[in-house]
$ cat start_39.cif   # mmCIF, N, CA and C atoms
data_input
loop_
_atom_site.label_atom_id
_atom_site.label_comp_id
_atom_site.auth_asym_id
_atom_site.auth_seq_id
_atom_site.Cartn_x
_atom_site.Cartn_y
_atom_site.Cartn_z
N MET A 73 195.37 89.39 179.83
CA MET A 73 195.36 88.32 180.81
C MET A 73 195.44 88.92 182.21
N THR A 74 194.81 88.26 183.09
CA THR A 74 194.84 88.73 184.47
C THR A 74 196.03 88.15 185.20
N ALA A 75 196.38 88.74 186.30
CA ALA A 75 197.55 88.31 187.08
C ALA A 75 197.46 86.85 187.52
N PRO A 76 196.31 86.35 187.97
CA PRO A 76 196.24 84.93 188.36
C PRO A 76 196.50 83.99 187.18
N ARG A 77 196.04 84.34 185.99
CA ARG A 77 196.27 83.48 184.83
C ARG A 77 197.76 83.47 184.46
N VAL A 78 198.40 84.62 184.52
CA VAL A 78 199.82 84.70 184.22
C VAL A 78 200.61 83.87 185.23
N ALA A 79 200.23 83.99 186.49
CA ALA A 79 200.91 83.23 187.54
C ALA A 79 200.73 81.72 187.31
N CYS A 80 199.53 81.32 186.92
CA CYS A 80 199.28 79.90 186.66
C CYS A 80 200.10 79.40 185.46
N CYS A 81 200.18 80.22 184.43
CA CYS A 81 200.97 79.83 183.26
C CYS A 81 202.44 79.71 183.61
N LEU A 82 202.97 80.64 184.38
CA LEU A 82 204.36 80.58 184.79
C LEU A 82 204.64 79.36 185.67
N LEU A 83 203.74 79.06 186.59
CA LEU A 83 203.90 77.86 187.42
C LEU A 83 203.86 76.59 186.57
N GLY A 84 202.99 76.57 185.57
CA GLY A 84 202.92 75.41 184.68
C GLY A 84 204.21 75.22 183.90
N LEU A 85 204.76 76.33 183.37
CA LEU A 85 206.03 76.24 182.65
C LEU A 85 207.17 75.83 183.56
N LEU A 86 207.16 76.35 184.77
CA LEU A 86 208.18 75.96 185.75
C LEU A 86 208.11 74.48 186.07
N ALA A 87 206.91 73.96 186.22
CA ALA A 87 206.73 72.53 186.50
C ALA A 87 207.24 71.68 185.34
N LEU A 88 206.95 72.10 184.10
CA LEU A 88 207.45 71.35 182.95
C LEU A 88 208.97 71.39 182.85
N ALA A 89 209.55 72.56 183.12
CA ALA A 89 211.01 72.69 183.07
C ALA A 89 211.66 71.85 184.14
N SER A 90 211.08 71.79 185.34
CA SER A 90 211.62 70.98 186.43
C SER A 90 211.54 69.50 186.10
N ALA A 91 210.47 69.12 185.41
CA ALA A 91 210.30 67.71 185.08
C ALA A 91 211.44 67.22 184.19
N CYS A 92 211.96 68.07 183.34
CA CYS A 92 213.07 67.66 182.46
C CYS A 92 214.29 67.30 183.30
N TYR A 93 214.56 68.05 184.34
CA TYR A 93 215.72 67.76 185.18
C TYR A 93 215.50 66.49 186.00
N ILE A 94 214.29 66.28 186.46
CA ILE A 94 214.01 65.10 187.27
C ILE A 94 214.19 63.84 186.43
N GLN A 95 213.83 63.88 185.16
CA GLN A 95 213.97 62.71 184.31
C GLN A 95 215.43 62.31 184.12
N ASN A 96 216.35 63.26 184.26
CA ASN A 96 217.76 62.95 184.07
C ASN A 96 218.41 62.35 185.31
N CYS A 97 217.69 62.29 186.43
CA CYS A 97 218.25 61.72 187.66
C CYS A 97 218.36 60.21 187.51
N PRO A 98 219.38 59.61 188.11
CA PRO A 98 219.49 58.16 188.06
C PRO A 98 218.36 57.51 188.86
N ILE A 99 218.06 56.28 188.54
CA ILE A 99 217.01 55.55 189.23
C ILE A 99 217.38 55.46 190.71
N GLY A 100 216.42 55.74 191.57
CA GLY A 100 216.67 55.63 193.00
C GLY A 100 217.04 56.94 193.66
N GLY A 101 217.17 58.03 192.92
CA GLY A 101 217.46 59.30 193.55
C GLY A 101 218.52 60.07 192.83
N LYS A 102 218.95 61.16 193.47
CA LYS A 102 219.90 62.06 192.84
C LYS A 102 221.31 61.50 192.81
N ARG A 103 221.63 60.64 193.72
CA ARG A 103 222.98 60.08 193.75
C ARG A 103 223.02 58.77 193.01
N SER A 104 224.06 58.56 192.29
CA SER A 104 224.24 57.33 191.53
C SER A 104 224.56 56.20 192.48
N THR A 105 224.25 54.95 192.07
CA THR A 105 224.57 53.81 192.92
C THR A 105 226.08 53.61 193.01
N ARG A 106 226.85 54.23 192.12
CA ARG A 106 228.31 54.12 192.22
C ARG A 106 228.83 54.80 193.48
N ASP A 107 228.05 55.77 194.01
CA ASP A 107 228.46 56.46 195.22
C ASP A 107 228.22 55.60 196.46
N LEU A 108 227.38 54.59 196.33
CA LEU A 108 227.04 53.75 197.47
C LEU A 108 228.00 52.57 197.56
N ASP A 109 228.16 52.07 198.77
CA ASP A 109 228.96 50.86 198.93
C ASP A 109 228.15 49.67 198.42
N VAL A 110 228.78 48.86 197.60
CA VAL A 110 228.13 47.65 197.11
C VAL A 110 228.42 46.56 198.12
N ARG A 111 227.37 45.91 198.58
CA ARG A 111 227.54 44.87 199.60
C ARG A 111 227.96 43.55 198.97
N GLN A 112 228.49 42.67 199.81
CA GLN A 112 228.81 41.32 199.34
C GLN A 112 227.52 40.54 199.18
N CYS A 113 227.48 39.69 198.18
CA CYS A 113 226.31 38.85 197.98
C CYS A 113 226.19 37.84 199.12
N LEU A 114 225.01 37.25 199.23
CA LEU A 114 224.72 36.32 200.32
C LEU A 114 225.68 35.14 200.34
N PRO A 115 226.00 34.65 201.54
CA PRO A 115 226.77 33.41 201.63
C PRO A 115 225.88 32.22 201.25
N CYS A 116 226.50 31.17 200.74
CA CYS A 116 225.76 29.99 200.31
C CYS A 116 226.66 28.77 200.40
N GLY A 117 226.10 27.64 200.05
CA GLY A 117 226.87 26.41 200.02
C GLY A 117 227.09 25.80 201.39
N PRO A 118 227.81 24.69 201.44
CA PRO A 118 228.07 24.01 202.70
C PRO A 118 228.79 24.92 203.69
N GLY A 119 228.20 25.09 204.85
CA GLY A 119 228.81 25.92 205.88
C GLY A 119 228.89 27.39 205.53
N GLY A 120 228.16 27.83 204.50
CA GLY A 120 228.19 29.23 204.08
C GLY A 120 229.55 29.67 203.57
N GLN A 121 230.33 28.71 203.01
CA GLN A 121 231.69 29.01 202.55
C GLN A 121 231.73 29.66 201.17
N GLY A 122 230.62 29.64 200.45
CA GLY A 122 230.58 30.24 199.11
C GLY A 122 229.84 31.55 199.11
N ARG A 123 229.79 32.18 197.95
CA ARG A 123 229.03 33.42 197.75
C ARG A 123 228.17 33.26 196.50
N CYS A 124 227.01 33.93 196.51
CA CYS A 124 226.11 33.89 195.36
C CYS A 124 226.67 34.72 194.21
N PHE A 125 226.61 34.18 193.01
CA PHE A 125 227.03 34.87 191.80
C PHE A 125 225.87 35.06 190.84
N GLY A 126 224.73 34.58 191.19
CA GLY A 126 223.52 34.69 190.38
C GLY A 126 222.41 33.98 191.12
N PRO A 127 221.19 34.00 190.59
CA PRO A 127 220.07 33.40 191.30
C PRO A 127 220.16 31.88 191.46
N ARG A 128 221.06 31.24 190.70
CA ARG A 128 221.21 29.78 190.80
C ARG A 128 222.67 29.36 190.89
N ILE A 129 223.58 30.30 191.25
CA ILE A 129 225.02 30.01 191.22
C ILE A 129 225.66 30.34 192.56
N CYS A 130 226.33 29.36 193.15
CA CYS A 130 227.06 29.51 194.40
C CYS A 130 228.49 29.02 194.17
N CYS A 131 229.47 29.88 194.46
CA CYS A 131 230.87 29.52 194.23
C CYS A 131 231.73 29.90 195.44
N GLY A 132 232.81 29.15 195.61
CA GLY A 132 233.80 29.47 196.62
C GLY A 132 235.13 28.84 196.25
N ASP A 133 236.22 29.44 196.74
CA ASP A 133 237.55 28.93 196.39
C ASP A 133 237.73 27.47 196.79
N GLU A 134 237.28 27.09 197.97
CA GLU A 134 237.45 25.70 198.41
C GLU A 134 236.38 24.77 197.86
N LEU A 135 235.25 25.37 197.38
CA LEU A 135 234.10 24.57 196.94
C LEU A 135 234.03 24.35 195.45
N GLY A 136 234.51 25.29 194.67
CA GLY A 136 234.22 25.30 193.24
C GLY A 136 232.88 25.98 193.06
N CYS A 137 232.10 25.58 192.07
CA CYS A 137 230.80 26.21 191.82
C CYS A 137 229.68 25.20 191.79
N PHE A 138 228.55 25.59 192.36
CA PHE A 138 227.32 24.83 192.32
C PHE A 138 226.33 25.63 191.48
N VAL A 139 225.84 25.03 190.40
CA VAL A 139 224.90 25.71 189.51
C VAL A 139 223.60 24.93 189.49
N GLY A 140 222.52 25.56 189.98
CA GLY A 140 221.20 24.93 189.97
C GLY A 140 221.04 23.79 190.94
N THR A 141 221.87 23.70 191.95
CA THR A 141 221.78 22.61 192.93
C THR A 141 221.19 23.13 194.24
N ALA A 142 220.99 22.23 195.18
CA ALA A 142 220.46 22.61 196.50
C ALA A 142 221.40 23.58 197.21
N GLU A 143 222.70 23.46 196.98
CA GLU A 143 223.67 24.35 197.62
C GLU A 143 223.49 25.80 197.15
N ALA A 144 222.97 25.98 195.95
CA ALA A 144 222.78 27.32 195.39
C ALA A 144 221.37 27.86 195.60
N ARG A 145 220.51 27.10 196.24
CA ARG A 145 219.11 27.51 196.40
C ARG A 145 218.97 28.84 197.14
N ARG A 146 219.82 29.09 198.13
CA ARG A 146 219.74 30.32 198.92
C ARG A 146 219.95 31.56 198.04
N CYS A 147 220.65 31.42 196.94
CA CYS A 147 220.96 32.56 196.07
C CYS A 147 219.71 33.17 195.43
N GLN A 148 218.62 32.43 195.40
CA GLN A 148 217.38 32.98 194.87
C GLN A 148 216.89 34.14 195.73
N GLU A 149 217.27 34.20 197.00
CA GLU A 149 216.87 35.28 197.89
C GLU A 149 217.44 36.62 197.45
N GLU A 150 218.57 36.63 196.74
CA GLU A 150 219.17 37.88 196.26
C GLU A 150 218.20 38.67 195.38
N THR A 151 217.33 37.97 194.67
CA THR A 151 216.38 38.61 193.78
C THR A 151 215.46 39.57 194.54
N PHE A 152 215.19 39.26 195.81
CA PHE A 152 214.24 40.04 196.60
C PHE A 152 214.89 41.15 197.41
N LEU A 153 216.21 41.23 197.43
CA LEU A 153 216.90 42.27 198.19
C LEU A 153 217.03 43.53 197.34
N PRO A 154 216.82 44.70 197.93
CA PRO A 154 216.78 45.94 197.15
C PRO A 154 218.14 46.50 196.74
N SER A 155 219.20 46.14 197.45
CA SER A 155 220.50 46.74 197.14
C SER A 155 221.34 45.80 196.29
N PRO A 156 222.19 46.37 195.42
CA PRO A 156 223.03 45.53 194.56
C PRO A 156 224.14 44.87 195.36
N CYS A 157 224.62 43.74 194.86
CA CYS A 157 225.72 43.05 195.53
C CYS A 157 226.76 42.65 194.50
N GLN A 158 227.93 42.27 195.01
CA GLN A 158 229.02 41.85 194.13
C GLN A 158 229.83 40.79 194.86
N SER A 159 230.16 39.74 194.15
CA SER A 159 231.02 38.68 194.68
C SER A 159 232.23 38.55 193.77
N GLY A 160 233.24 37.90 194.25
CA GLY A 160 234.43 37.65 193.44
C GLY A 160 235.51 38.66 193.66
N GLN A 161 236.74 38.24 193.34
CA GLN A 161 237.89 39.10 193.59
C GLN A 161 238.09 40.14 192.50
N ARG A 162 238.06 39.72 191.24
CA ARG A 162 238.39 40.64 190.14
C ARG A 162 237.52 40.35 188.92
N PRO A 163 237.37 41.34 188.04
CA PRO A 163 236.56 41.15 186.83
C PRO A 163 237.20 40.16 185.87
N CYS A 164 236.36 39.49 185.11
CA CYS A 164 236.84 38.55 184.08
C CYS A 164 235.76 38.42 183.01
N GLY A 165 236.13 37.88 181.89
CA GLY A 165 235.19 37.64 180.80
C GLY A 165 234.42 38.89 180.43
N THR A 166 233.18 38.73 180.04
CA THR A 166 232.33 39.87 179.70
C THR A 166 231.29 40.04 180.80
N GLY A 167 231.62 40.87 181.77
CA GLY A 167 230.70 41.15 182.86
C GLY A 167 230.73 40.17 184.00
N GLY A 168 231.71 39.28 184.01
CA GLY A 168 231.81 38.30 185.10
C GLY A 168 232.85 38.68 186.13
N ARG A 169 232.97 37.84 187.15
CA ARG A 169 233.99 38.02 188.18
C ARG A 169 234.57 36.64 188.52
N CYS A 170 235.83 36.63 188.90
CA CYS A 170 236.48 35.37 189.27
C CYS A 170 235.78 34.81 190.50
N ALA A 171 235.30 33.58 190.38
CA ALA A 171 234.51 32.96 191.43
C ALA A 171 235.29 31.91 192.20
N ALA A 172 236.16 31.20 191.54
CA ALA A 172 236.98 30.16 192.14
C ALA A 172 238.20 30.01 191.24
N ASP A 173 239.16 29.19 191.64
CA ASP A 173 240.38 29.03 190.86
C ASP A 173 240.05 28.63 189.42
N GLY A 174 240.35 29.51 188.46
CA GLY A 174 240.16 29.23 187.05
C GLY A 174 238.74 29.35 186.55
N ILE A 175 237.81 29.84 187.38
CA ILE A 175 236.40 29.90 186.99
C ILE A 175 235.89 31.34 187.06
N CYS A 176 235.28 31.77 185.97
CA CYS A 176 234.68 33.11 185.86
C CYS A 176 233.16 32.94 185.81
N CYS A 177 232.44 33.68 186.69
CA CYS A 177 230.98 33.57 186.72
C CYS A 177 230.32 34.92 186.57
N SER A 178 229.18 34.91 185.91
CA SER A 178 228.29 36.06 185.83
C SER A 178 226.92 35.52 186.26
N PRO A 179 225.92 36.37 186.42
CA PRO A 179 224.60 35.84 186.80
C PRO A 179 224.04 34.83 185.80
N ASP A 180 224.55 34.81 184.56
CA ASP A 180 224.05 33.89 183.54
C ASP A 180 224.69 32.51 183.58
N GLY A 181 225.88 32.38 184.14
CA GLY A 181 226.55 31.10 184.18
C GLY A 181 228.03 31.24 184.45
N CYS A 182 228.73 30.11 184.44
CA CYS A 182 230.16 30.07 184.72
C CYS A 182 230.90 29.39 183.58
N ARG A 183 232.18 29.74 183.47
CA ARG A 183 233.03 29.10 182.45
C ARG A 183 234.47 29.15 182.93
N MET A 184 235.28 28.31 182.35
CA MET A 184 236.71 28.31 182.66
C MET A 184 237.33 29.57 182.06
N ASP A 185 238.22 30.20 182.82
CA ASP A 185 238.86 31.42 182.34
C ASP A 185 240.27 31.48 182.92
N PRO A 186 241.29 31.51 182.06
CA PRO A 186 242.66 31.56 182.55
C PRO A 186 242.96 32.83 183.35
N ALA A 187 242.18 33.88 183.15
CA ALA A 187 242.39 35.12 183.92
C ALA A 187 242.11 34.90 185.40
N CYS A 188 241.36 33.85 185.74
CA CYS A 188 241.02 33.57 187.14
C CYS A 188 241.94 32.53 187.77
N ASP A 189 242.93 32.09 187.03
CA ASP A 189 243.89 31.13 187.57
C ASP A 189 244.86 31.89 188.48
N PRO A 190 244.92 31.56 189.77
CA PRO A 190 245.79 32.32 190.68
C PRO A 190 247.27 32.25 190.31
N GLU A 191 247.73 31.16 189.71
CA GLU A 191 249.13 31.06 189.32
C GLU A 191 249.43 31.98 188.15
N ALA A 192 248.48 32.11 187.22
CA ALA A 192 248.68 33.01 186.08
C ALA A 192 248.68 34.47 186.55
N ALA A 193 247.80 34.78 187.51
CA ALA A 193 247.75 36.16 188.04
C ALA A 193 249.04 36.48 188.77
N PHE A 194 249.60 35.50 189.49
CA PHE A 194 250.83 35.73 190.23
C PHE A 194 252.01 35.93 189.28
N SER A 195 252.04 35.18 188.18
CA SER A 195 253.16 35.30 187.25
C SER A 195 253.11 36.59 186.45
N GLN A 196 251.94 37.26 186.37
CA GLN A 196 251.83 38.51 185.62
C GLN A 196 252.32 39.69 186.42
N ARG A 197 252.47 39.55 187.71
CA ARG A 197 252.90 40.68 188.56
C ARG A 197 254.35 40.97 188.42
#
$ encode --input "start_39.cif" --output "structure tokens"
Amino acid sequence: MTAPRVACCLLGLLALASACYIQNCPIGGKRSTRDLDVRQCLPCGPGGQGRCFGPRICCGDELGCFVGTAEARRCQEETFLPSPCQSGQRPCGTGGRCAADGICCSPDGCRMDPACDPEAAFSQR
């Protein structure tokens, strides 16, 4: 083999070996999204007092939750934003967050959850 062929073969092997490492990178680059600050989801509801919890869910402590109503319509805009967001004070249920007193919401829907009751949380401390 001539020197140019050997060089081409080595470059080809190097490219294949590098590709294996690139495939292991998280989506969006070398740094994980856990390293980035997660922004608050868009405000919604009357007077912007609530926060979006899904594409059709708007909740706030003083408001309760609006699911699929005009008050939650703004939450559809979250789908078009490139960065992840998070609403709610603390985790609850399976993948949800406390949205209002006694209510746990995830992007799929909301349900009553005693873990989100502020009096129960206060008595556990």
$ atom_distance --input "start_39.cif" --atom1 "atom CA of Val110 of chain A" --atom2 "atom C of Ser155 of chain A"
7.1 Å
$ atom_distance --input "start_39.cif" --atom1 "atom CA of Asp180 of chain A" --atom2 "atom CA of Gln121 of chain A"
21.1 Å
$ residues_around --input "start_39.cif" --residues "Ala172 of chain A" --least-positions-apart "6" --cutoff "7 Å" --atoms "only C-alpha atoms" --output "PyMOL selection string"
chain A and resi 131-133+136
$ atom_distance --input "start_39.cif" --atom1 "atom CA of Thr141 of chain A" --atom2 "atom CA of Pro127 of chain A"
11.0 Å
$ closest_residue --input "start_39.cif" --among "A:Leu153, A:Val139, A:Cys116, A:Cys188" --to "Arg169 of chain A" --atoms "only C-alpha atoms"
A:Cys188
$ closest_residue --input "start_39.cif" --among "A:Gly174, A:Pro115, A:Gly160, A:Gly168" --to "Arg146 of chain A" --atoms "only C-alpha atoms"
A:Pro115
$ closest_residue --input "start_39.cif" --among "A:Pro163, A:Gly126, A:Asp173, A:Leu135" --to "Glu150 of chain A" --atoms "only N, CA and C atoms"
A:Gly126
$ decode --input "start_39.cif" --residues "segment 109-190 of chain A" --atoms "C-alpha atoms" --output "short mmCIF file (atom, residue, chain, number, x, y, z; two decimals), in the first residue's frame"
data_model
loop_
_atom_site.label_atom_id
_atom_site.label_comp_id
_atom_site.auth_asym_id
_atom_site.auth_seq_id
_atom_site.Cartn_x
_atom_site.Cartn_y
_atom_site.Cartn_z
CA ASP A 109 -31.26 26.55 34.32
CA VAL A 110 -34.81 25.42 33.69
CA ARG A 111 -37.04 28.42 33.12
CA GLN A 112 -40.50 28.94 34.54
CA CYS A 113 -43.32 28.05 32.19
CA LEU A 114 -45.37 30.82 30.61
CA PRO A 115 -47.86 32.77 32.72
CA CYS A 116 -51.51 32.16 31.90
CA GLY A 117 -55.02 32.66 33.16
CA PRO A 118 -56.75 35.82 34.35
CA GLY A 119 -54.19 38.55 34.89
CA GLY A 120 -51.36 36.09 34.21
CA GLN A 121 -51.73 34.73 37.77
CA GLY A 122 -51.29 31.09 36.75
CA ARG A 123 -48.55 29.04 35.13
CA CYS A 124 -48.72 26.52 32.30
CA PHE A 125 -48.45 22.86 33.31
CA GLY A 126 -49.09 21.41 29.87
CA PRO A 127 -50.32 22.48 26.44
CA ARG A 128 -53.91 22.78 27.74
CA ILE A 129 -53.42 23.26 31.52
CA CYS A 130 -53.15 26.53 33.45
CA CYS A 131 -52.99 26.48 37.26
CA GLY A 132 -52.41 28.91 40.09
CA ASP A 133 -52.81 28.91 43.87
CA GLU A 134 -55.55 31.56 43.82
CA LEU A 135 -57.11 30.26 40.58
CA GLY A 136 -57.17 26.49 40.81
CA CYS A 137 -56.73 24.81 37.42
CA PHE A 138 -58.14 25.48 33.97
CA VAL A 139 -57.97 22.48 31.64
CA GLY A 140 -58.82 22.98 27.96
CA THR A 141 -60.44 26.38 28.51
CA ALA A 142 -59.77 29.82 27.05
CA GLU A 143 -57.68 30.65 30.14
CA ALA A 144 -55.29 27.82 29.23
CA ARG A 145 -55.06 28.66 25.52
CA ARG A 146 -51.76 30.56 25.94
CA CYS A 147 -50.11 27.34 27.17
CA GLN A 148 -50.12 25.97 23.63
CA GLU A 149 -47.27 28.43 22.92
CA GLU A 150 -44.95 26.36 25.17
CA THR A 151 -44.88 23.70 22.45
CA PHE A 152 -43.01 26.09 20.15
CA LEU A 153 -40.38 27.26 22.65
CA PRO A 154 -37.01 25.47 22.42
CA SER A 155 -36.06 25.41 26.11
CA PRO A 156 -37.65 23.21 28.79
CA CYS A 157 -39.74 24.76 31.53
CA GLN A 158 -41.06 23.75 34.93
CA SER A 159 -43.94 25.00 37.03
CA GLY A 160 -45.05 24.11 40.52
CA GLN A 161 -43.43 24.05 43.92
CA ARG A 162 -42.62 20.38 44.49
CA PRO A 163 -42.90 16.99 42.77
CA CYS A 164 -45.99 14.85 43.26
CA GLY A 165 -47.65 11.78 41.77
CA THR A 166 -45.83 10.15 38.88
CA GLY A 167 -44.00 12.93 37.07
CA GLY A 168 -46.27 15.74 38.20
CA ARG A 169 -45.80 18.88 40.28
CA CYS A 170 -48.05 20.57 42.82
CA ALA A 171 -50.05 23.12 40.87
CA ALA A 172 -52.52 24.48 43.42
CA ASP A 173 -53.73 23.56 46.91
CA GLY A 174 -54.33 19.80 46.83
CA ILE A 175 -53.87 19.48 43.05
CA CYS A 176 -51.05 17.66 41.25
CA CYS A 177 -50.59 18.29 37.50
CA SER A 178 -48.47 16.82 34.75
CA PRO A 179 -48.66 17.70 31.04
CA ASP A 180 -51.26 14.91 30.70
CA GLY A 181 -53.74 16.19 33.28
CA CYS A 182 -54.46 17.05 36.91
CA ARG A 183 -55.75 15.12 39.89
CA MET A 184 -56.30 15.59 43.59
CA ASP A 185 -53.23 14.70 45.63
CA PRO A 186 -52.87 14.98 49.41
CA ALA A 187 -49.12 15.57 48.95
CA CYS A 188 -50.03 19.00 47.51
CA ASP A 189 -52.19 20.02 50.46
CA PRO A 190 -50.29 22.87 52.18
#
